[in-house]
Amino acid sequence: MKTIYTDILKAKSKNQKLLAILLDPDKIEWDSIDILCQKISSSNATHIFIGGSIVPENLTQKLVEKLSAKIKIPMILFPGDYTQISHKADAILFLSLISGRNSEYLIGQHVRSVPFLNHTNLEVIPTSYILIESGNQTAVARVSKTLPMKRTDIELIVNTAKAGEFLGHKLCYLEAGSGAQTPLSEEIIQNVSQNLTIPVIVGGGIRSKTQMDIIYKAGADLIVIGTAFEKDYNFFES
């Protein structure tokens, strides 16, 4: 039974904040996979996101298999392209990069993924993906060949997020990008969350628990921590 999205909705209705650790298969230190699993299991993470902008084929499958043998936290694919699909994960964020106008990331990759998804039991969760400027060019912008939205154009960001909801997307992912210099502002998160009824995910540039608290308070339902955890497996223990 597919319950990932239902559980996210339940958490939102109870104002229970969620936390995902993002793992890029291309950046995993395979010799220390056991330590990685131990640190994730002892953290407050409610979900694991798996994916990256550029990942060699079959590496995602390898990571999912390694993790599934040791961790019980739900694993959700966060793919950069259609090759990053593993049937052993629990769900997939079916991402539409609606902040850009590159058709490949609005529908192209989705069409290519269908033959793979047809042979899995993955829970497919349609997700608006909105890239917002963060002070430096991120891998998402470089690979997708799209420009991030300006942080100051909050009305356009809100309207874009709302358009995604009107299109039927079930989640809205506000992204500053991997390795972003600064996380998204409280004002952006507040305005988006106040105008949507679907859960809001926020990621990119979050490097401290203080920043996490601020972002949760601003209205994020789920926070994604990637680079900070990659650099320090003890991030959640400090």
# chains A, B, ... in the order shown; residues from 1 in each chain; ligands from 1
>>> residues_around(residues="Ser144 in chain A", least_positions_apart="6", cutoff="12 Å", atoms="only C-alpha atoms", output="PDB file with N, CA and C atoms, in the first residue's frame")
ATOM      1  N   SER A  53      22.249  15.776  -9.587  1.00  0.00           N
ATOM      2  CA  SER A  53      22.103  16.364 -10.921  1.00  0.00           C
ATOM      3  C   SER A  53      22.682  15.457 -11.998  1.00  0.00           C
ATOM      4  N   ILE A  54      23.856  14.865 -11.699  1.00  0.00           N
ATOM      5  CA  ILE A  54      24.494  13.939 -12.640  1.00  0.00           C
ATOM      6  C   ILE A  54      24.964  12.725 -11.858  1.00  0.00           C
ATOM      7  N   GLY A  80      17.747  13.389 -10.941  1.00  0.00           N
ATOM      8  CA  GLY A  80      18.145  14.437 -11.869  1.00  0.00           C
ATOM      9  C   GLY A  80      17.759  14.097 -13.293  1.00  0.00           C
ATOM     10  N   ASP A  81      17.558  12.801 -13.567  1.00  0.00           N
ATOM     11  CA  ASP A  81      17.095  12.365 -14.886  1.00  0.00           C
ATOM     12  C   ASP A  81      16.477  10.973 -14.772  1.00  0.00           C
ATOM     13  N   SER A  96       8.769  18.507 -11.732  1.00  0.00           N
ATOM     14  CA  SER A  96       8.656  19.415 -12.872  1.00  0.00           C
ATOM     15  C   SER A  96       9.337  20.723 -12.496  1.00  0.00           C
ATOM     16  N   LEU A  97      10.388  21.075 -13.237  1.00  0.00           N
ATOM     17  CA  LEU A  97      11.142  22.297 -12.942  1.00  0.00           C
ATOM     18  C   LEU A  97      10.378  23.491 -13.506  1.00  0.00           C
ATOM     19  N   ILE A  98       9.348  23.909 -12.764  1.00  0.00           N
ATOM     20  CA  ILE A  98       8.446  24.939 -13.289  1.00  0.00           C
ATOM     21  C   ILE A  98       8.997  26.354 -13.149  1.00  0.00           C
ATOM     22  N   SER A  99      10.153  26.501 -12.504  1.00  0.00           N
ATOM     23  CA  SER A  99      10.790  27.820 -12.459  1.00  0.00           C
ATOM     24  C   SER A  99      11.502  28.122 -13.767  1.00  0.00           C
ATOM     25  N   GLY A 100      11.760  27.094 -14.570  1.00  0.00           N
ATOM     26  CA  GLY A 100      12.434  27.260 -15.857  1.00  0.00           C
ATOM     27  C   GLY A 100      11.500  26.958 -17.008  1.00  0.00           C
ATOM     28  N   ARG A 101      12.013  27.092 -18.211  1.00  0.00           N
ATOM     29  CA  ARG A 101      11.192  26.857 -19.400  1.00  0.00           C
ATOM     30  C   ARG A 101      11.858  25.853 -20.340  1.00  0.00           C
ATOM     31  N   ASN A 102      12.712  25.006 -19.787  1.00  0.00           N
ATOM     32  CA  ASN A 102      13.346  23.962 -20.582  1.00  0.00           C
ATOM     33  C   ASN A 102      12.403  22.771 -20.615  1.00  0.00           C
ATOM     34  N   SER A 103      11.857  22.468 -21.787  1.00  0.00           N
ATOM     35  CA  SER A 103      10.838  21.420 -21.905  1.00  0.00           C
ATOM     36  C   SER A 103      11.356  20.054 -21.460  1.00  0.00           C
ATOM     37  N   GLU A 104      12.663  19.858 -21.529  1.00  0.00           N
ATOM     38  CA  GLU A 104      13.227  18.571 -21.122  1.00  0.00           C
ATOM     39  C   GLU A 104      12.950  18.276 -19.653  1.00  0.00           C
ATOM     40  N   TYR A 105      12.904  19.345 -18.824  1.00  0.00           N
ATOM     41  CA  TYR A 105      12.684  19.165 -17.389  1.00  0.00           C
ATOM     42  C   TYR A 105      11.265  19.541 -16.965  1.00  0.00           C
ATOM     43  N   LEU A 106      10.458  19.926 -17.952  1.00  0.00           N
ATOM     44  CA  LEU A 106       9.031  20.155 -17.698  1.00  0.00           C
ATOM     45  C   LEU A 106       8.223  18.910 -18.040  1.00  0.00           C
ATOM     46  N   GLY A 108       9.940  16.341 -20.769  1.00  0.00           N
ATOM     47  CA  GLY A 108      10.786  15.408 -21.526  1.00  0.00           C
ATOM     48  C   GLY A 108      11.288  14.221 -20.716  1.00  0.00           C
ATOM     49  N   GLN A 109      11.915  14.497 -19.581  1.00  0.00           N
ATOM     50  CA  GLN A 109      12.439  13.437 -18.731  1.00  0.00           C
ATOM     51  C   GLN A 109      11.314  12.562 -18.179  1.00  0.00           C
ATOM     52  N   TYR A 129       8.953  21.845  -8.765  1.00  0.00           N
ATOM     53  CA  TYR A 129      10.343  22.088  -8.380  1.00  0.00           C
ATOM     54  C   TYR A 129      10.692  23.506  -8.796  1.00  0.00           C
ATOM     55  N   LEU A 131      13.472  26.509  -8.545  1.00  0.00           N
ATOM     56  CA  LEU A 131      14.838  26.900  -8.230  1.00  0.00           C
ATOM     57  C   LEU A 131      14.914  28.409  -8.051  1.00  0.00           C
ATOM     58  N   GLN A 137      26.067  29.842  -8.951  1.00  0.00           N
ATOM     59  CA  GLN A 137      25.417  28.927  -9.881  1.00  0.00           C
ATOM     60  C   GLN A 137      25.431  27.519  -9.298  1.00  0.00           C
ATOM     61  N   THR A 138      24.278  26.891  -9.246  1.00  0.00           N
ATOM     62  CA  THR A 138      24.183  25.559  -8.686  1.00  0.00           C
ATOM     63  C   THR A 138      24.193  24.510  -9.797  1.00  0.00           C
TER      64      THR A 138
END
>>> residues_around(residues="range 173-187 of chain A", least_positions_apart="4", cutoff="8 Å", atoms="only C-alpha atoms", output="number ranges by chain")
A: 127-136, 138-140, 151, 191, 200-206, 214-215, 218, 226-227
>>> closest_residue(among="A:Asn121, A:Val55, A:Asp90, A:Ala161", to="Val143 in chain A", atoms="only C-alpha atoms")
A:Val55
>>> atom_distance(atom1="CA of Lys88 in chain A", atom2="CA of Leu18 in chain A")
22.2 Å
>>> select_by_dssp(residues="range 69-129 of chain A", states="strand (DSSP E or B)", output="list in words")
Met75, Ile76, Leu77, Ala91, Ile92, Leu93, Phe94, Leu95, Ser96, Leu97, Glu123, Val124, Ile125, Pro126, Thr127, Ser128 and Tyr129 of chain A
>>> residues_around(residues="Ile73 in chain A", least_positions_apart="2", cutoff="9 Å", atoms="only C-alpha atoms", output="list in words")
Ile40, Ser41, Ala45, Thr46, His47, Ile48, Ser68, Ile71 and Met75 of chain A
>>> write_last_selection(atoms="C-alpha atoms", output="mmCIF file, in the first residue's frame")
data_model
loop_
_atom_site.group_PDB
_atom_site.id
_atom_site.type_symbol
_atom_site.label_atom_id
_atom_site.label_comp_id
_atom_site.auth_asym_id
_atom_site.auth_seq_id
_atom_site.Cartn_x
_atom_site.Cartn_y
_atom_site.Cartn_z
ATOM 1 C CA ILE A 40 21.101 8.388 9.616
ATOM 2 C CA SER A 41 19.361 5.893 11.898
ATOM 3 C CA ALA A 45 15.373 12.134 9.768
ATOM 4 C CA THR A 46 11.916 10.976 8.699
ATOM 5 C CA HIS A 47 12.849 10.371 5.062
ATOM 6 C CA ILE A 48 15.866 9.785 2.836
ATOM 7 C CA SER A 68 17.483 -0.790 2.304
ATOM 8 C CA ILE A 71 17.717 1.431 7.283
ATOM 9 C CA MET A 75 13.519 6.215 0.682
#
>>> closest_residue(among="A:Lys145, A:Arg112, A:Lys162, A:Lys17", to="Asn44 in chain A", atoms="only C-alpha atoms")
A:Lys17
>>> residues_around(residues="His169 in chain A", least_positions_apart="2", cutoff="8 Å", atoms="only C-alpha atoms", output="count of residues only")
10
>>> closest_residue(among="A:Ala11, A:Val111, A:Met212, A:Met149", to="Ile188 in chain A", atoms="only C-alpha atoms")
A:Met149
>>> closest_residue(among="A:Pro199, A:Ile92, A:Tyr233, A:Asn58", to="Ser42 in chain A", atoms="only C-alpha atoms")
A:Tyr233
>>> residues_around(residues="Glu29 in chain A", least_positions_apart="4", cutoff="12 Å", atoms="only C-alpha atoms", output="number ranges by chain")
A: 23-25, 33-37, 63, 230-231, 233
>>> atom_distance(atom1="CA of Ala69 in chain A", atom2="CA of Leu95 in chain A")
26.7 Å
>>> closest_residue(among="A:Val224, A:Lys72, A:Asp26, A:Gln38", to="Leu59 in chain A", atoms="only C-alpha atoms")
A:Asp26
>>> closest_residue(among="A:Ile4, A:Thr60, A:Val158, A:Ile21", to="Ala228 in chain A", atoms="only C-alpha atoms")
A:Ile21
>>> residues_around(residues="His119 in chain A", least_positions_apart="6", cutoff="12 Å", atoms="only C-alpha atoms", output="PyMOL selection string")
chain A and resi 85-88+113
>>> write_last_selection(atoms="N, CA and C atoms", output="compact mmCIF listing (two decimals), in the first residue's frame")
# COMPACT_ATOMS: atom_id res chain seq x y z
N ILE A 85 16.36 5.86 -11.51
CA ILE A 85 15.16 5.22 -10.97
C ILE A 85 15.52 3.84 -10.45
N SER A 86 15.14 3.58 -9.21
CA SER A 86 15.37 2.27 -8.60
C SER A 86 14.04 1.70 -8.13
N HIS A 87 13.75 0.49 -8.54
CA HIS A 87 12.48 -0.13 -8.15
C HIS A 87 12.44 -0.50 -6.67
N LYS A 88 13.59 -0.45 -6.00
CA LYS A 88 13.64 -0.83 -4.60
C LYS A 88 13.41 0.33 -3.64
N SER A 113 10.84 8.46 -18.52
CA SER A 113 10.83 7.63 -17.31
C SER A 113 9.68 6.62 -17.28
>>> atom_distance(atom1="CA of Lys2 in chain A", atom2="CA of Glu123 in chain A")
5.9 Å
>>> decode(residues="range 59-96 of chain A", atoms="N, CA and C atoms", output="mmCIF file, in the first residue's frame")
data_model
loop_
_atom_site.group_PDB
_atom_site.id
_atom_site.type_symbol
_atom_site.label_atom_id
_atom_site.label_comp_id
_atom_site.auth_asym_id
_atom_site.auth_seq_id
_atom_site.Cartn_x
_atom_site.Cartn_y
_atom_site.Cartn_z
ATOM 1 N N LEU A 59 24.201 3.543 -10.312
ATOM 2 C CA LEU A 59 24.741 3.905 -9.004
ATOM 3 C C LEU A 59 23.613 4.168 -7.999
ATOM 4 N N THR A 60 22.516 4.725 -8.470
ATOM 5 C CA THR A 60 21.364 4.948 -7.591
ATOM 6 C C THR A 60 20.840 3.617 -7.070
ATOM 7 N N GLN A 61 20.721 2.650 -7.962
ATOM 8 C CA GLN A 61 20.253 1.319 -7.568
ATOM 9 C C GLN A 61 21.173 0.703 -6.523
ATOM 10 N N LYS A 62 22.469 0.861 -6.704
ATOM 11 C CA LYS A 62 23.449 0.321 -5.752
ATOM 12 C C LYS A 62 23.251 0.927 -4.371
ATOM 13 N N LEU A 63 23.071 2.253 -4.319
ATOM 14 C CA LEU A 63 22.908 2.925 -3.030
ATOM 15 C C LEU A 63 21.602 2.505 -2.356
ATOM 16 N N VAL A 64 20.532 2.448 -3.106
ATOM 17 C CA VAL A 64 19.240 2.050 -2.528
ATOM 18 C C VAL A 64 19.326 0.644 -1.949
ATOM 19 N N GLU A 65 19.977 -0.246 -2.653
ATOM 20 C CA GLU A 65 20.114 -1.615 -2.162
ATOM 21 C C GLU A 65 20.919 -1.663 -0.874
ATOM 22 N N LYS A 66 22.001 -0.895 -0.811
ATOM 23 C CA LYS A 66 22.838 -0.862 0.394
ATOM 24 C C LYS A 66 22.051 -0.318 1.579
ATOM 25 N N LEU A 67 21.319 0.759 1.356
ATOM 26 C CA LEU A 67 20.581 1.399 2.441
ATOM 27 C C LEU A 67 19.397 0.558 2.900
ATOM 28 N N SER A 68 18.691 -0.040 1.954
ATOM 29 C CA SER A 68 17.483 -0.790 2.304
ATOM 30 C C SER A 68 17.780 -1.979 3.193
ATOM 31 N N ALA A 69 19.014 -2.452 3.153
ATOM 32 C CA ALA A 69 19.391 -3.593 3.990
ATOM 33 C C ALA A 69 19.670 -3.174 5.427
ATOM 34 N N LYS A 70 19.837 -1.868 5.651
ATOM 35 C CA LYS A 70 20.262 -1.408 6.971
ATOM 36 C C LYS A 70 19.359 -0.350 7.590
ATOM 37 N N ILE A 71 18.517 0.306 6.786
ATOM 38 C CA ILE A 71 17.717 1.431 7.283
ATOM 39 C C ILE A 71 16.241 1.215 6.963
ATOM 40 N N LYS A 72 15.388 1.566 7.893
ATOM 41 C CA LYS A 72 13.941 1.384 7.712
ATOM 42 C C LYS A 72 13.225 2.682 7.335
ATOM 43 N N ILE A 73 13.957 3.805 7.304
ATOM 44 C CA ILE A 73 13.353 5.090 6.938
ATOM 45 C C ILE A 73 12.930 5.061 5.464
ATOM 46 N N PRO A 74 11.756 5.601 5.123
ATOM 47 C CA PRO A 74 11.313 5.615 3.726
ATOM 48 C C PRO A 74 12.327 6.298 2.808
ATOM 49 N N MET A 75 12.578 5.674 1.665
ATOM 50 C CA MET A 75 13.519 6.215 0.682
ATOM 51 C C MET A 75 12.758 6.740 -0.527
ATOM 52 N N ILE A 76 12.980 8.007 -0.820
ATOM 53 C CA ILE A 76 12.289 8.675 -1.913
ATOM 54 C C ILE A 76 13.298 9.135 -2.953
ATOM 55 N N LEU A 77 13.085 8.750 -4.187
ATOM 56 C CA LEU A 77 13.989 9.157 -5.262
ATOM 57 C C LEU A 77 13.779 10.634 -5.593
ATOM 58 N N PHE A 78 14.905 11.321 -5.761
ATOM 59 C CA PHE A 78 14.924 12.750 -6.092
ATOM 60 C C PHE A 78 15.809 12.878 -7.335
ATOM 61 N N PRO A 79 15.319 12.366 -8.467
ATOM 62 C CA PRO A 79 16.193 12.134 -9.626
ATOM 63 C C PRO A 79 16.518 13.362 -10.459
ATOM 64 N N GLY A 80 17.747 13.389 -10.941
ATOM 65 C CA GLY A 80 18.145 14.437 -11.869
ATOM 66 C C GLY A 80 17.759 14.097 -13.293
ATOM 67 N N ASP A 81 17.558 12.801 -13.567
ATOM 68 C CA ASP A 81 17.095 12.365 -14.886
ATOM 69 C C ASP A 81 16.477 10.973 -14.772
ATOM 70 N N TYR A 82 15.960 10.483 -15.877
ATOM 71 C CA TYR A 82 15.172 9.249 -15.864
ATOM 72 C C TYR A 82 16.003 8.000 -15.551
ATOM 73 N N THR A 83 17.335 8.083 -15.678
ATOM 74 C CA THR A 83 18.168 6.912 -15.394
ATOM 75 C C THR A 83 18.322 6.660 -13.899
ATOM 76 N N GLN A 84 17.939 7.638 -13.078
ATOM 77 C CA GLN A 84 18.109 7.512 -11.627
ATOM 78 C C GLN A 84 16.851 6.935 -10.965
ATOM 79 N N ILE A 85 16.356 5.857 -11.510
ATOM 80 C CA ILE A 85 15.161 5.222 -10.969
ATOM 81 C C ILE A 85 15.519 3.837 -10.448
ATOM 82 N N SER A 86 15.140 3.579 -9.213
ATOM 83 C CA SER A 86 15.368 2.272 -8.598
ATOM 84 C C SER A 86 14.040 1.703 -8.126
ATOM 85 N N HIS A 87 13.746 0.486 -8.536
ATOM 86 C CA HIS A 87 12.476 -0.129 -8.148
ATOM 87 C C HIS A 87 12.437 -0.500 -6.674
ATOM 88 N N LYS A 88 13.589 -0.446 -6.002
ATOM 89 C CA LYS A 88 13.640 -0.833 -4.600
ATOM 90 C C LYS A 88 13.414 0.335 -3.639
ATOM 91 N N ALA A 89 13.274 1.540 -4.182
ATOM 92 C CA ALA A 89 12.941 2.683 -3.336
ATOM 93 C C ALA A 89 11.443 2.625 -3.021
ATOM 94 N N ASP A 90 10.982 3.538 -2.174
ATOM 95 C CA ASP A 90 9.575 3.543 -1.778
ATOM 96 C C ASP A 90 8.720 4.476 -2.631
ATOM 97 N N ALA A 91 9.316 5.570 -3.078
ATOM 98 C CA ALA A 91 8.546 6.561 -3.835
ATOM 99 C C ALA A 91 9.499 7.378 -4.699
ATOM 100 N N ILE A 92 8.923 8.181 -5.564
ATOM 101 C CA ILE A 92 9.717 9.073 -6.407
ATOM 102 C C ILE A 92 9.035 10.424 -6.484
ATOM 103 N N LEU A 93 9.821 11.487 -6.320
ATOM 104 C CA LEU A 93 9.310 12.829 -6.562
ATOM 105 C C LEU A 93 9.325 13.038 -8.070
ATOM 106 N N PHE A 94 8.151 13.132 -8.669
ATOM 107 C CA PHE A 94 8.036 13.315 -10.115
ATOM 108 C C PHE A 94 8.142 14.809 -10.367
ATOM 109 N N LEU A 95 9.391 15.276 -10.501
ATOM 110 C CA LEU A 95 9.718 16.694 -10.472
ATOM 111 C C LEU A 95 9.476 17.399 -11.797
ATOM 112 N N SER A 96 8.769 18.507 -11.732
ATOM 113 C CA SER A 96 8.656 19.415 -12.872
ATOM 114 C C SER A 96 9.337 20.723 -12.496
#
